[in-house]
Amino acid sequence: MFSKSKINEPGAKADETSKPAMPERKPDAFKPEPASGGDFKASTPKAKPPASVLSSDLHMTGNIKTTGDVQIDCTVEGDIRAHLLTIGEGATVKGEVIADDVVINGRIVGRVRGLKVRLTSTARVEGDIIHKTIAIESGAHFEGSVQRQDDPLNAKSGAAPKPQQAAGTAQKA
């Protein structure tokens, strides 16, 4: 009579009050499905992040170090180390460049070290290039020496490379 439960209220049904607030969860509802062969996949591979881009309106002083990809479209006064480094047409880098892959469309004043180095027709490099493989397109401007090394990324930076090519501009053969 003095109870606050809805059971005793007129019009309330006994089965309405016994219903749970949330629907029941089936115990097997969230089990992962096995892949072919009955094995579970450990994890999906992570997508490679996009390249970091330094836009043309920047003027940066300082070193850049990353294990990822970088596209430089601005002026950088400092050393750069990356996995894939792309120097844009309007970019200028004054410092040492070290990367697995280096694509030069703009200007570098300083040493370049890379497993693969590519100077496009718009490239201007004033400094030595230490590489494992190199490609120089017709029209590229290069002043310095070239040295091939099996491991150019870990070579001592103080050692002077043996010149293999004189200064000049690449011409069509």
# chains A, B, ... in the order shown; residues from 1 in each chain; ligands from 1

call {"tool": "residues_around", "arguments": {"residues": "A:His131", "least_positions_apart": "4", "cutoff": "6 Å", "atoms": "only C-alpha atoms", "output": "short mmCIF file (atom, residue, chain, number, x, y, z; two decimals) with C-alpha atoms, in the first residue's frame"}}
result
data_model
loop_
_atom_site.label_atom_id
_atom_site.label_comp_id
_atom_site.auth_asym_id
_atom_site.auth_seq_id
_atom_site.Cartn_x
_atom_site.Cartn_y
_atom_site.Cartn_z
CA ARG A 113 73.94 11.89 -49.65
CA GLY A 114 71.49 9.30 -50.90
CA LEU A 115 71.01 5.74 -51.98
CA ARG A 148 79.67 6.31 -55.52
CA GLN A 149 79.53 4.41 -52.22
CA PRO A 152 76.43 6.65 -48.63
#

call {"tool": "select_by_dssp", "arguments": {"residues": "stretch 30-149 of chain A", "states": "strand (DSSP E or B)", "output": "number ranges by chain"}}
result
A: 52-54, 59-61, 64-65, 69-72, 75-77, 80-87, 92-94, 97-104, 107-109, 112-119, 124-126, 129-136, 141-143, 146-148

call {"tool": "decode", "arguments": {"residues": "stretch 56-81 of chain A", "atoms": "C-alpha atoms", "output": "compact mmCIF listing (two decimals), in the first residue's frame"}}
result
# COMPACT_ATOMS: atom_id res chain seq x y z
CA SER A 56 56.68 27.97 -50.55
CA ASP A 57 55.69 30.76 -48.13
CA LEU A 58 58.03 29.42 -45.41
CA HIS A 59 61.61 30.38 -44.63
CA MET A 60 62.98 27.85 -42.21
CA THR A 61 66.21 27.97 -40.24
CA GLY A 62 67.13 24.72 -38.51
CA ASN A 63 67.57 21.03 -39.12
CA ILE A 64 64.82 18.63 -40.22
CA LYS A 65 64.92 14.95 -39.27
CA THR A 66 62.23 12.39 -40.05
CA THR A 67 61.85 8.74 -40.97
CA GLY A 68 59.04 9.68 -43.35
CA ASP A 69 58.74 11.49 -46.66
CA VAL A 70 59.21 15.25 -47.04
CA GLN A 71 58.55 17.66 -49.88
CA ILE A 72 60.38 20.97 -49.60
CA ASP A 73 58.92 23.90 -51.54
CA CYS A 74 60.46 26.66 -49.40
CA THR A 75 63.86 27.98 -48.31
CA VAL A 76 65.61 25.88 -45.66
CA GLU A 77 68.87 26.86 -43.98
CA GLY A 78 69.91 23.67 -42.23
CA ASP A 79 70.45 19.97 -42.71
CA ILE A 80 67.68 17.62 -43.79
CA ARG A 81 67.41 13.88 -43.15
